[in-house]
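Peer 1: Next up, final10.txt (compact mmCIF, C-alpha atoms and all ligand atoms).
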```txt
# COMPACT_ATOMS: atom_id res chain seq x y z
CA MET A 1 -2.37 -25.94 -13.53
CA GLU A 2 -0.67 -24.69 -10.34
CA ILE A 3 -2.92 -22.51 -8.16
CA MET A 4 -1.45 -20.27 -5.47
CA PRO A 5 -2.40 -21.69 -2.04
CA HIS A 6 -3.67 -18.43 -0.53
CA LEU A 7 -4.41 -16.07 -3.42
CA LYS A 8 -6.17 -18.89 -5.34
CA LEU A 9 -4.81 -17.43 -8.58
CA PRO A 10 -3.15 -19.46 -11.35
CA VAL A 11 0.64 -19.32 -11.55
CA ASP A 12 0.35 -18.37 -15.24
CA LEU A 13 -2.18 -15.52 -14.84
CA GLY A 14 0.26 -13.39 -16.84
CA ILE A 15 -0.40 -9.97 -15.23
CA ARG A 16 2.81 -8.05 -14.42
CA TYR A 17 1.42 -5.12 -12.39
CA ALA A 18 -0.38 -5.42 -9.04
CA ILE A 19 -2.17 -2.75 -7.02
CA LEU A 20 -2.39 -3.80 -3.37
CA PRO A 21 -4.91 -2.31 -0.92
CA GLY A 22 -5.23 -3.82 2.56
CA ASP A 23 -9.03 -3.81 2.58
CA PRO A 24 -10.89 -6.20 0.22
CA ALA A 25 -13.68 -3.59 -0.17
CA ARG A 26 -11.14 -1.26 -1.83
CA VAL A 27 -10.59 -3.83 -4.60
CA ASP A 28 -14.13 -3.17 -5.87
CA ARG A 29 -13.46 0.57 -5.86
CA ILE A 30 -10.23 0.04 -7.87
CA ALA A 31 -12.23 -2.09 -10.33
CA LYS A 32 -14.28 1.01 -11.27
CA PHE A 33 -11.12 2.53 -12.78
CA LEU A 34 -10.32 -0.58 -14.87
CA GLU A 35 -11.43 -1.61 -18.33
CA SER A 36 -13.16 -5.02 -18.49
CA PRO A 37 -12.82 -5.77 -14.75
CA ARG A 38 -13.50 -9.37 -13.68
CA GLU A 39 -13.41 -10.88 -10.22
CA LEU A 40 -10.78 -13.61 -10.16
CA ALA A 41 -10.83 -15.02 -6.61
CA PHE A 42 -11.79 -14.24 -3.02
CA ASN A 43 -10.10 -16.45 -0.42
CA ARG A 44 -9.59 -15.32 3.21
CA GLU A 45 -8.49 -11.64 3.01
CA TYR A 46 -7.31 -11.96 -0.58
CA LYS A 47 -9.84 -10.56 -3.04
CA SER A 48 -8.62 -10.13 -6.62
CA VAL A 49 -9.91 -8.41 -9.73
CA GLY A 50 -8.18 -8.36 -13.13
CA GLY A 51 -8.64 -5.71 -15.78
CA SER A 52 -6.65 -3.12 -17.67
CA TYR A 53 -5.87 0.59 -17.46
CA LYS A 54 -4.98 2.42 -20.70
CA GLY A 55 -4.29 -0.99 -22.19
CA VAL A 56 -1.94 -2.20 -19.41
CA PRO A 57 -3.14 -5.41 -17.67
CA ILE A 58 -3.55 -4.78 -13.92
CA LEU A 59 -4.29 -7.05 -10.95
CA ALA A 60 -6.00 -5.49 -7.91
CA LEU A 61 -5.47 -7.69 -4.84
CA SER A 62 -6.19 -7.05 -1.16
CA THR A 63 -3.47 -8.08 1.29
CA GLY A 64 -5.46 -7.94 4.57
CA ILE A 65 -4.11 -6.21 7.66
CA GLY A 66 -0.45 -6.42 8.62
CA GLY A 67 2.87 -7.87 7.56
CA PRO A 68 2.14 -11.64 7.76
CA SER A 69 -0.70 -11.66 5.21
CA THR A 70 1.14 -9.10 3.06
CA GLY A 71 4.24 -11.30 3.05
CA ILE A 72 2.21 -14.27 1.82
CA ALA A 73 0.71 -12.14 -0.96
CA VAL A 74 4.13 -10.86 -2.09
CA GLU A 75 5.62 -14.37 -2.15
CA GLU A 76 2.75 -15.80 -4.20
CA LEU A 77 2.69 -12.79 -6.57
CA ALA A 78 6.43 -13.20 -7.15
CA ARG A 79 5.87 -16.87 -8.05
CA MET A 80 3.22 -15.68 -10.54
CA GLY A 81 5.72 -13.39 -12.26
CA VAL A 82 4.38 -10.04 -11.01
CA LYS A 83 7.15 -7.49 -11.70
CA ALA A 84 5.81 -4.39 -9.92
CA ALA A 85 3.46 -3.99 -6.97
CA ILE A 86 2.15 -0.73 -5.53
CA ARG A 87 0.43 -0.66 -2.15
CA ILE A 88 -2.47 1.77 -1.95
CA GLY A 89 -3.07 1.90 1.78
CA SER A 90 -4.51 4.11 4.47
CA CYS A 91 -2.46 5.65 7.26
CA GLY A 92 -2.45 7.91 10.27
CA ALA A 93 -0.46 11.13 9.79
CA LEU A 94 2.40 11.84 12.19
CA GLN A 95 2.92 15.46 11.13
CA LYS A 96 0.63 18.45 11.61
CA ASN A 97 0.91 19.64 8.00
CA ILE A 98 -0.54 16.40 6.58
CA HIS A 99 -4.30 16.55 6.14
CA LEU A 100 -7.17 14.13 5.46
CA GLY A 101 -6.93 12.78 1.92
CA ASP A 102 -3.28 13.87 1.46
CA LEU A 103 -1.07 11.16 -0.01
CA ILE A 104 2.23 9.95 1.43
CA LEU A 105 4.57 8.51 -1.22
CA VAL A 106 6.82 6.35 0.91
CA GLN A 107 10.56 6.78 0.42
CA GLY A 108 11.47 4.34 3.19
CA ALA A 109 9.78 2.61 6.14
CA VAL A 110 10.76 2.05 9.77
CA ARG A 111 10.64 -1.74 10.24
CA ASP A 112 8.71 -1.73 13.53
CA GLU A 113 7.01 -5.02 12.62
CA GLY A 114 7.90 -8.67 12.87
CA THR A 115 7.39 -10.10 9.39
CA SER A 116 10.34 -8.52 7.63
CA LYS A 117 12.58 -9.45 10.56
CA THR A 118 11.90 -13.13 9.96
CA TYR A 119 13.66 -12.61 6.60
CA LEU A 120 16.48 -10.16 7.39
CA ASP A 121 18.18 -8.34 10.26
CA PRO A 122 16.55 -5.04 11.27
CA ILE A 123 19.58 -3.09 9.98
CA TYR A 124 18.53 -3.89 6.39
CA PRO A 125 16.58 -0.94 4.94
CA ALA A 126 12.94 -1.06 3.83
CA VAL A 127 12.98 1.03 0.67
CA PRO A 128 10.86 1.15 -2.51
CA ASP A 129 12.12 0.68 -6.03
CA TYR A 130 13.58 4.02 -7.13
CA GLU A 131 11.98 4.05 -10.61
CA LEU A 132 8.57 3.00 -9.37
CA LEU A 133 8.61 5.64 -6.62
CA ALA A 134 9.73 8.26 -9.17
CA ALA A 135 6.85 7.24 -11.45
CA CYS A 136 4.40 7.64 -8.54
CA VAL A 137 5.82 11.08 -7.66
CA GLU A 138 5.59 12.20 -11.30
CA ALA A 139 2.02 10.89 -11.66
CA ALA A 140 0.83 12.61 -8.47
CA ARG A 141 2.48 15.89 -9.52
CA GLU A 142 1.00 15.77 -13.04
CA LYS A 143 -2.45 15.29 -11.55
CA LYS A 144 -1.82 18.00 -8.94
CA PHE A 145 -2.75 15.70 -6.05
CA SER A 146 -1.71 16.83 -2.59
CA ALA A 147 1.21 14.48 -1.87
CA HIS A 148 4.18 14.32 0.51
CA VAL A 149 7.30 12.24 -0.14
CA GLY A 150 9.06 10.84 2.92
CA LEU A 151 9.31 8.12 5.53
CA ALA A 152 6.59 5.97 7.11
CA ARG A 153 6.55 3.68 10.13
CA SER A 154 5.09 0.20 9.74
CA HIS A 155 3.92 -1.39 12.97
CA ASP A 156 2.23 -4.61 14.12
CA SER A 157 -0.11 -3.63 16.94
CA PHE A 158 -2.84 -1.20 16.04
CA TYR A 159 -3.94 -0.84 19.66
CA THR A 160 -1.27 -0.60 22.35
CA ASP A 161 -1.27 1.13 25.73
CA ARG A 162 1.61 3.36 24.58
CA GLU A 163 0.35 4.51 21.16
CA ASP A 164 0.41 8.26 21.92
CA GLU A 165 3.94 8.06 23.28
CA ILE A 166 5.14 5.95 20.32
CA ASP A 167 3.55 8.32 17.79
CA ALA A 168 5.12 11.36 19.50
CA TYR A 169 8.54 9.71 19.33
CA TRP A 170 8.34 8.90 15.60
CA SER A 171 6.75 12.24 14.79
CA GLY A 172 9.77 13.86 16.42
CA GLN A 173 12.05 11.86 14.11
CA GLY A 174 10.29 13.31 11.06
CA ILE A 175 8.28 10.23 10.10
CA LEU A 176 5.26 11.27 8.00
CA GLY A 177 2.72 8.53 8.74
CA ALA A 178 2.00 5.07 10.17
CA ASP A 179 0.70 1.95 8.47
CA MET A 180 1.07 -1.79 8.97
CA GLU A 181 2.21 -3.29 5.64
CA THR A 182 4.69 -1.09 3.78
CA ALA A 183 7.90 -2.37 5.41
CA ALA A 184 7.09 -6.03 4.77
CA LEU A 185 6.16 -5.24 1.15
CA PHE A 186 9.43 -3.38 0.52
CA VAL A 187 11.73 -5.94 2.15
CA ILE A 188 10.17 -9.13 0.79
CA GLY A 189 9.51 -7.59 -2.64
CA ARG A 190 13.17 -6.57 -2.94
CA LEU A 191 14.37 -10.04 -1.91
CA ARG A 192 12.18 -11.58 -4.61
CA GLY A 193 13.22 -9.14 -7.36
CA MET A 194 9.86 -7.32 -7.48
CA LYS A 195 9.67 -3.53 -7.87
CA THR A 196 7.58 -2.09 -5.02
CA ALA A 197 6.16 1.26 -3.98
CA SER A 198 3.65 2.39 -1.36
CA ILE A 199 1.13 5.21 -1.50
CA LEU A 200 -0.75 5.97 1.71
CA ASN A 201 -3.98 7.97 1.96
CA THR A 202 -4.27 9.95 5.20
CA VAL A 203 -7.42 8.90 7.05
CA VAL A 204 -6.46 10.23 10.50
CA GLU A 205 -4.71 13.55 11.13
CA TYR A 206 -1.96 13.76 13.75
CA GLU A 207 -3.29 13.77 17.33
CA GLU A 208 -6.90 13.25 16.17
CA ASN A 209 -9.15 10.43 17.36
CA LEU A 210 -8.02 7.24 15.60
CA GLU A 211 -11.20 5.19 16.01
CA GLU A 212 -13.62 7.98 15.04
CA ASN A 213 -11.59 8.82 11.94
CA ILE A 214 -11.30 5.22 10.75
CA ASN A 215 -15.07 4.84 11.20
CA SER A 216 -15.74 7.90 9.09
CA TYR A 217 -13.35 6.60 6.37
CA SER A 218 -15.23 3.31 6.19
CA ASP A 219 -18.50 5.33 6.07
CA GLY A 220 -17.16 7.05 2.94
CA ALA A 221 -16.27 10.51 4.32
CA SER A 222 -15.53 12.71 1.30
CA LEU A 223 -11.94 13.88 1.90
CA THR A 224 -10.64 10.40 2.64
CA MET A 225 -12.57 8.88 -0.28
CA ARG A 226 -11.11 11.54 -2.56
CA GLY A 227 -7.63 10.67 -1.25
CA GLU A 228 -8.37 7.05 -2.06
CA GLU A 229 -9.29 7.93 -5.65
CA HIS A 230 -6.09 9.95 -5.89
CA GLU A 231 -3.91 7.06 -4.70
CA ILE A 232 -5.61 4.63 -7.09
CA LEU A 233 -5.07 6.95 -10.07
CA THR A 234 -1.49 7.68 -9.03
CA ALA A 235 -0.69 3.96 -8.86
CA LEU A 236 -2.37 3.16 -12.18
CA GLU A 237 -0.61 6.02 -13.98
CA ALA A 238 2.71 4.92 -12.46
CA CYS A 239 2.22 1.39 -13.87
CA CYS A 240 1.66 2.91 -17.33
CA LYS A 241 4.85 4.98 -17.01
CA ILE A 242 6.91 1.91 -16.10
CA GLU A 243 5.34 -0.09 -18.93
CA GLN A 244 6.09 2.69 -21.45
CA ALA A 245 9.70 2.92 -20.24
CA GLU A 246 10.32 -0.81 -20.85
O1 LIG A 301 -6.41 0.54 4.81
P1 LIG A 301 -5.27 -0.45 4.77
O2 LIG A 301 -4.66 -0.54 3.42
O3 LIG A 301 -5.67 -1.79 5.33
O4 LIG A 301 -4.12 0.14 5.76
C1 LIG A 301 -4.25 0.53 7.11
O5 LIG A 301 -5.50 0.25 7.71
C2 LIG A 301 -5.40 -0.89 8.61
C3 LIG A 301 -5.68 -0.43 10.02
O6 LIG A 301 -6.93 0.16 10.13
C4 LIG A 301 -3.98 -1.41 8.44
O7 LIG A 301 -3.97 -2.41 7.47
C5 LIG A 301 -3.25 -0.16 8.01
O8 LIG A 301 -2.02 -0.36 7.38
O1 LIG A 302 -1.33 4.55 13.55
C1 LIG A 302 -2.01 4.18 12.59
C2 LIG A 302 -3.12 4.89 12.10
C3 LIG A 302 -3.81 4.40 11.04
N1 LIG A 302 -3.44 3.26 10.49
C4 LIG A 302 -2.38 2.57 10.95
O2 LIG A 302 -2.03 1.52 10.44
N2 LIG A 302 -1.70 3.04 11.99
```
Would you mind writing the structure in this file as structure tokens?
Peer 2:
Amino acid sequence: MEIMPHLKLPVDLGIRYAILPGDPARVDRIAKFLESPRELAFNREYKSVGGSYKGVPILALSTGIGGPSTGIAVEELARMGVKAAIRIGSCGALQKNIHLGDLILVQGAVRDEGTSKTYLDPIYPAVPDYELLAACVEAAREKKFSAHVGLARSHDSFYTDREDEIDAYWSGQGILGADMETAALFVIGRLRGMKTASILNTVVEYEENLEENINSYSDGASLTMRGEEHEILTALEACCKIEQAE
């Protein structure tokens, strides 16, 4: 049986929906929302758990940090027949009205990263699948989660000497938040015929201290952990909506 070189999952796993956090620790927290969760593999940054939600088989898989490892995950998931993948990430807000634990449902991403550019020219757009995004928006609204729909910026370097200046520029262009994986997911997923969407949980407010806030998220601060639960539920409900529509 063929095993994926990085994900260490079998090509015929047979699960059509994937939920993709960056952090492997988040996979265990997704597992708590699944029926009959079972750990499937843990190789490098790729931790995977299979289970189901309201009867729909779901794969939770971490992608690690950044476009390169996300690109590998998307390619191997596509080979396994995954039809829809929703990132549930964390982000820094770039607008003052976006608060800790608020969700950003990404309508398009600035491709300020290298991975997607190795596939296609930068003029190609990084956009989610329309139906999958609509299912995420509907799910978040039904559950009354605090959510904003708009653009994100995906970048490669978390620490640069110009981060404040760069953030101010993109904030001025109306971008809602910054992450490191969404653009690569959208571009590579679209090329491989996979529906994609990205939901980002705000773990740093605009112009707040990045390092302190990320530390308090990993320590389980309540607003950001609640946002994480909201993004997990939004993604799972969206998978059910797509499954019902088919
Ligand atoms: O929490 P995840 O999903 O990893 O997302 C964000 O957090 C990491 C940076 O701290 C980057 O991967 C960024 O995109
Ligand atoms: O700027 C930021 C803040 C949080 N997470 C990111 O990926 N980028």
Peer 1: Which one of A:Glu76, A:Glu142, A:Asp28, A:Glu205 sits closest to ligand LIG 302 (chain A) if you count all atoms listed in the file?
Peer 2: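 Smallest distance to ligand LIG 302 (chain A) is found for A:Glu205.
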Peer 1: Can you work out which one of A:Ala147, A:Ala245, A:Leu223, A:Cys239 has the shortest atom-to-atom distance to Asn97 (chain A), counting all atoms listed in the file?
Peer 2: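 Closest residue, counting all atoms listed in the file: A:Ala147.
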Peer 1: Which polymer residues, whether protein, DNA or RNA, lie within 12 Å of the coordinate (3.6, 1.8, -21.9) when you count only C-alpha atoms? List them as a list in words, using the chain letters and numbers from the file.
Peer 2: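 Protein, DNA and RNA residues close to (3.6, 1.8, -21.9): Tyr17, Tyr53, Lys54, Gly55, Val56, Pro57, Leu236, Glu237, Ala238, Cys239, Cys240, Lys241, Ile242, Glu243, Gln244, Ala245 and Glu246 of chain A.
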Peer 1: Write out as a PyMOL selection string each polymer residue whose atoms come within 12 Å of Ile30 (chain A), counting all atoms listed in the file; drop sequence neighbours fewer than 4 positions from it.
Peer 2: chain A and resi 18-21+23-26+34-35+37-39+47-53+58-62+88+225+228-236
Peer 1: Would you save the residues from that selection as an mmCIF file, in the frame of the given file, using C-alpha atoms?
Peer 2:
```cif
data_model
loop_
_atom_site.group_PDB
_atom_site.id
_atom_site.type_symbol
_atom_site.label_atom_id
_atom_site.label_comp_id
_atom_site.auth_asym_id
_atom_site.auth_seq_id
_atom_site.Cartn_x
_atom_site.Cartn_y
_atom_site.Cartn_z
ATOM 1 C CA ALA A 18 -0.380 -5.420 -9.040
ATOM 2 C CA ILE A 19 -2.170 -2.750 -7.020
ATOM 3 C CA LEU A 20 -2.390 -3.800 -3.370
ATOM 4 C CA PRO A 21 -4.910 -2.310 -0.920
ATOM 5 C CA ASP A 23 -9.030 -3.810 2.580
ATOM 6 C CA PRO A 24 -10.890 -6.200 0.220
ATOM 7 C CA ALA A 25 -13.680 -3.590 -0.170
ATOM 8 C CA ARG A 26 -11.140 -1.260 -1.830
ATOM 9 C CA LEU A 34 -10.320 -0.580 -14.870
ATOM 10 C CA GLU A 35 -11.430 -1.610 -18.330
ATOM 11 C CA PRO A 37 -12.820 -5.770 -14.750
ATOM 12 C CA ARG A 38 -13.500 -9.370 -13.680
ATOM 13 C CA GLU A 39 -13.410 -10.880 -10.220
ATOM 14 C CA LYS A 47 -9.840 -10.560 -3.040
ATOM 15 C CA SER A 48 -8.620 -10.130 -6.620
ATOM 16 C CA VAL A 49 -9.910 -8.410 -9.730
ATOM 17 C CA GLY A 50 -8.180 -8.360 -13.130
ATOM 18 C CA GLY A 51 -8.640 -5.710 -15.780
ATOM 19 C CA SER A 52 -6.650 -3.120 -17.670
ATOM 20 C CA TYR A 53 -5.870 0.590 -17.460
ATOM 21 C CA ILE A 58 -3.550 -4.780 -13.920
ATOM 22 C CA LEU A 59 -4.290 -7.050 -10.950
ATOM 23 C CA ALA A 60 -6.000 -5.490 -7.910
ATOM 24 C CA LEU A 61 -5.470 -7.690 -4.840
ATOM 25 C CA SER A 62 -6.190 -7.050 -1.160
ATOM 26 C CA ILE A 88 -2.470 1.770 -1.950
ATOM 27 C CA MET A 225 -12.570 8.880 -0.280
ATOM 28 C CA GLU A 228 -8.370 7.050 -2.060
ATOM 29 C CA GLU A 229 -9.290 7.930 -5.650
ATOM 30 C CA HIS A 230 -6.090 9.950 -5.890
ATOM 31 C CA GLU A 231 -3.910 7.060 -4.700
ATOM 32 C CA ILE A 232 -5.610 4.630 -7.090
ATOM 33 C CA LEU A 233 -5.070 6.950 -10.070
ATOM 34 C CA THR A 234 -1.490 7.680 -9.030
ATOM 35 C CA ALA A 235 -0.690 3.960 -8.860
ATOM 36 C CA LEU A 236 -2.370 3.160 -12.180
#
```
Peer 1: Which one is closest to His148 (chain A): A:Arg192, A:Lys117, A:His99, A:Lys83? Count all atoms listed in the file.
Peer 2: A:His99
Peer 1: So which residues touch Gly64 (chain A) within 12 Å, counting all atoms listed in the file, skipping near sequence neighbours fewer than 4 positions away, as a list in words?
Peer 2: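 Those residues are His6, Leu7, Leu20, Pro21, Gly22, Asp23, Pro24, Ala25, Arg26, Val27, Phe42, Asn43, Arg44, Glu45, Tyr46, Lys47, Ser48, Pro68, Ser69, Thr70, Gly71, Ile72, Ala73, Arg87, Gly89, Met180 and Glu181 of chain A.
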Peer 1: Within 9 Å of Gly174 (chain A), counting all atoms listed in the file, which residues qualify if same-chain residues fewer than 5 places away don't, as a list of chain:residue names?
Peer 2: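 That gives A:Leu94, A:Gln95, A:Gly150, A:Leu151.
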Peer 1: Using Å and a single decimal, report how far CA of Leu100 (chain A) sits from CA of Arg226 (chain A).
Peer 2: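 CA of Leu100 (chain A) lies at a distance of 9.3 Å from CA of Arg226 (chain A).
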Peer 1: Residues at most 8 Å from Val149 (chain A), counting all atoms listed in the file, excluding those fewer than 3 positions away in the same chain, as a list in words?
Peer 2: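 After dropping sequence-adjacent residues, the list is Ile104, Leu105, Val106, Gln107 and Val137 of chain A.
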Peer 1: I'd like to know which of A:Ile123, A:Leu191, A:Ile15, A:Ala85 is closest to Thr63 (chain A), using all atoms listed in the file.
Peer 2: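 Nearest to Thr63 (chain A): A:Ala85.
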Peer 1: If you take all atoms listed in the file and a cut-off of 12 Å, which residues of chain A touch ligand LIG 302 (chain A), and what are their nearest atom pairs and distances in Å to one decimal, in chain and number order, as CSV?
Peer 2:
```
residue,atom,partner,partner_atom,distance
A:Gly22,CA,A:LIG302,O2,10.0
A:Asp23,CA,A:LIG302,O2,11.8
A:Gly64,CA,A:LIG302,O2,11.6
A:Ile65,CA,A:LIG302,O2,8.5
A:Gly66,CA,A:LIG302,O2,8.3
A:Gly67,CA,A:LIG302,O2,11.0
A:Gly89,CA,A:LIG302,O2,8.7
A:Ser90,CA,A:LIG302,N1,6.2
A:Cys91,CA,A:LIG302,N1,4.1
A:Gly92,CA,A:LIG302,C2,3.6
A:Ala93,CA,A:LIG302,C2,7.2
A:Leu94,CA,A:LIG302,O1,8.3
A:Gln95,CA,A:LIG302,O1,12.0
A:Leu100,CA,A:LIG302,C3,11.7
A:Asp112,CA,A:LIG302,N2,11.6
A:Glu113,CA,A:LIG302,O2,11.4
A:Ala152,CA,A:LIG302,N2,10.1
A:Arg153,CA,A:LIG302,N2,8.5
A:Ser154,CA,A:LIG302,O2,7.3
A:His155,CA,A:LIG302,O2,7.1
A:Asp156,CA,A:LIG302,O2,8.3
A:Ser157,CA,A:LIG302,N2,8.5
A:Phe158,CA,A:LIG302,N2,6.0
A:Tyr159,CA,A:LIG302,O1,8.6
A:Thr160,CA,A:LIG302,O1,10.2
A:Arg162,CA,A:LIG302,O1,11.5
A:Glu163,CA,A:LIG302,O1,7.8
A:Asp164,CA,A:LIG302,O1,9.3
A:Glu165,CA,A:LIG302,O1,11.6
A:Ile166,CA,A:LIG302,O1,9.5
A:Asp167,CA,A:LIG302,O1,7.5
A:Ala168,CA,A:LIG302,O1,11.1
A:Trp170,CA,A:LIG302,O1,10.8
A:Ser171,CA,A:LIG302,O1,11.2
A:Ile175,CA,A:LIG302,O1,11.7
A:Leu176,CA,A:LIG302,O1,10.9
A:Gly177,CA,A:LIG302,O1,7.4
A:Ala178,CA,A:LIG302,N2,4.6
A:Asp179,CA,A:LIG302,O2,3.4
A:Met180,CA,A:LIG302,O2,4.8
A:Glu181,CA,A:LIG302,O2,8.0
A:Thr182,CA,A:LIG302,O2,9.8
A:Ala183,CA,A:LIG302,O2,11.8
A:Leu200,CA,A:LIG302,N1,9.6
A:Asn201,CA,A:LIG302,C3,9.8
A:Thr202,CA,A:LIG302,C3,8.1
A:Val203,CA,A:LIG302,C3,7.0
A:Val204,CA,A:LIG302,C3,6.4
A:Glu205,CA,A:LIG302,C2,8.9
A:Tyr206,CA,A:LIG302,C2,9.1
A:Glu207,CA,A:LIG302,O1,10.2
A:Glu208,CA,A:LIG302,C2,10.0
A:Asn209,CA,A:LIG302,C2,9.7
A:Leu210,CA,A:LIG302,C2,6.5
A:Glu211,CA,A:LIG302,C3,8.9
A:Glu212,CA,A:LIG302,C3,11.2
A:Asn213,CA,A:LIG302,C3,9.0
A:Ile214,CA,A:LIG302,C3,7.5
A:Asn215,CA,A:LIG302,C3,11.3
A:Tyr217,CA,A:LIG302,C3,10.8
```
Peer 1: I'd like the interatomic distance between CA of Thr115 (chain A) and CA of Gly227 (chain A), to a tenth of an Å.
Peer 2: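 Spanning CA of Thr115 (chain A) to CA of Gly227 (chain A) is a straight-line distance of 27.8 Å.
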Peer 1: Counting only C-alpha atoms and all ligand atoms, figure out which residue out of A:Ile199, A:Leu9, A:Ala134, A:Leu120 gets nearest to ligand LIG 301 (chain A).
Peer 2: A:Ile199
Peer 1: Smallest atom-to-atom distance to ligand LIG 301 (chain A): which of A:Met194, A:Ile3, A:Leu132, A:Ile86, using all atoms listed in the file?
Peer 2: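 The shortest atom-to-atom distance to ligand LIG 301 (chain A) comes from A:Ile86.
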Peer 1: Please output region 19-41 of chain A, rebuilt to include N, CA and C atoms, as a tab-separated table (two decimals), in the coordinates of the input.
Peer 2:
```tsv
chain	number	residue	atom	x	y	z
A	19	ILE	N	-1.82	-3.86	-7.90
A	19	ILE	CA	-2.17	-2.75	-7.02
A	19	ILE	C	-2.71	-3.39	-5.75
A	20	LEU	N	-2.12	-3.05	-4.60
A	20	LEU	CA	-2.39	-3.80	-3.37
A	20	LEU	C	-3.00	-2.94	-2.25
A	21	PRO	N	-4.32	-2.90	-2.12
A	21	PRO	CA	-4.91	-2.31	-0.92
A	21	PRO	C	-4.88	-3.33	0.22
A	22	GLY	N	-5.07	-2.87	1.47
A	22	GLY	CA	-5.23	-3.82	2.56
A	22	GLY	C	-6.65	-4.39	2.56
A	23	ASP	N	-7.61	-3.48	2.41
A	23	ASP	CA	-9.03	-3.81	2.58
A	23	ASP	C	-9.64	-4.42	1.31
A	24	PRO	N	-10.27	-5.61	1.41
A	24	PRO	CA	-10.89	-6.20	0.22
A	24	PRO	C	-11.95	-5.29	-0.41
A	25	ALA	N	-12.64	-4.48	0.39
A	25	ALA	CA	-13.68	-3.59	-0.17
A	25	ALA	C	-13.07	-2.58	-1.15
A	26	ARG	N	-11.80	-2.25	-0.94
A	26	ARG	CA	-11.14	-1.26	-1.83
A	26	ARG	C	-10.87	-1.86	-3.21
A	27	VAL	N	-10.80	-3.18	-3.29
A	27	VAL	CA	-10.59	-3.83	-4.60
A	27	VAL	C	-11.74	-3.48	-5.54
A	28	ASP	N	-12.97	-3.49	-5.02
A	28	ASP	CA	-14.13	-3.17	-5.87
A	28	ASP	C	-14.08	-1.71	-6.33
A	29	ARG	N	-13.54	-0.86	-5.47
A	29	ARG	CA	-13.46	0.57	-5.86
A	29	ARG	C	-12.34	0.78	-6.89
A	30	ILE	N	-11.27	-0.02	-6.83
A	30	ILE	CA	-10.23	0.04	-7.87
A	30	ILE	C	-10.82	-0.45	-9.20
A	31	ALA	N	-11.67	-1.49	-9.11
A	31	ALA	CA	-12.23	-2.09	-10.33
A	31	ALA	C	-12.96	-1.05	-11.17
A	32	LYS	N	-13.54	-0.03	-10.52
A	32	LYS	CA	-14.28	1.01	-11.27
A	32	LYS	C	-13.37	1.81	-12.19
A	33	PHE	N	-12.07	1.78	-11.93
A	33	PHE	CA	-11.12	2.53	-12.78
A	33	PHE	C	-10.55	1.65	-13.90
A	34	LEU	N	-10.92	0.36	-13.90
A	34	LEU	CA	-10.32	-0.58	-14.87
A	34	LEU	C	-11.26	-0.84	-16.04
A	35	GLU	N	-10.66	-1.14	-17.18
A	35	GLU	CA	-11.43	-1.61	-18.33
A	35	GLU	C	-11.62	-3.12	-18.19
A	36	SER	N	-12.81	-3.59	-18.54
A	36	SER	CA	-13.16	-5.02	-18.49
A	36	SER	C	-12.77	-5.69	-17.18
A	37	PRO	N	-13.20	-5.13	-16.01
A	37	PRO	CA	-12.82	-5.77	-14.75
A	37	PRO	C	-13.55	-7.10	-14.56
A	38	ARG	N	-12.84	-8.08	-13.99
A	38	ARG	CA	-13.50	-9.37	-13.68
A	38	ARG	C	-12.96	-9.89	-12.36
A	39	GLU	N	-13.88	-10.33	-11.49
A	39	GLU	CA	-13.41	-10.88	-10.22
A	39	GLU	C	-12.73	-12.21	-10.50
A	40	LEU	N	-11.55	-12.40	-9.90
A	40	LEU	CA	-10.78	-13.61	-10.16
A	40	LEU	C	-10.90	-14.60	-9.02
A	41	ALA	N	-10.79	-14.12	-7.77
A	41	ALA	CA	-10.83	-15.02	-6.61
A	41	ALA	C	-11.12	-14.20	-5.36
```
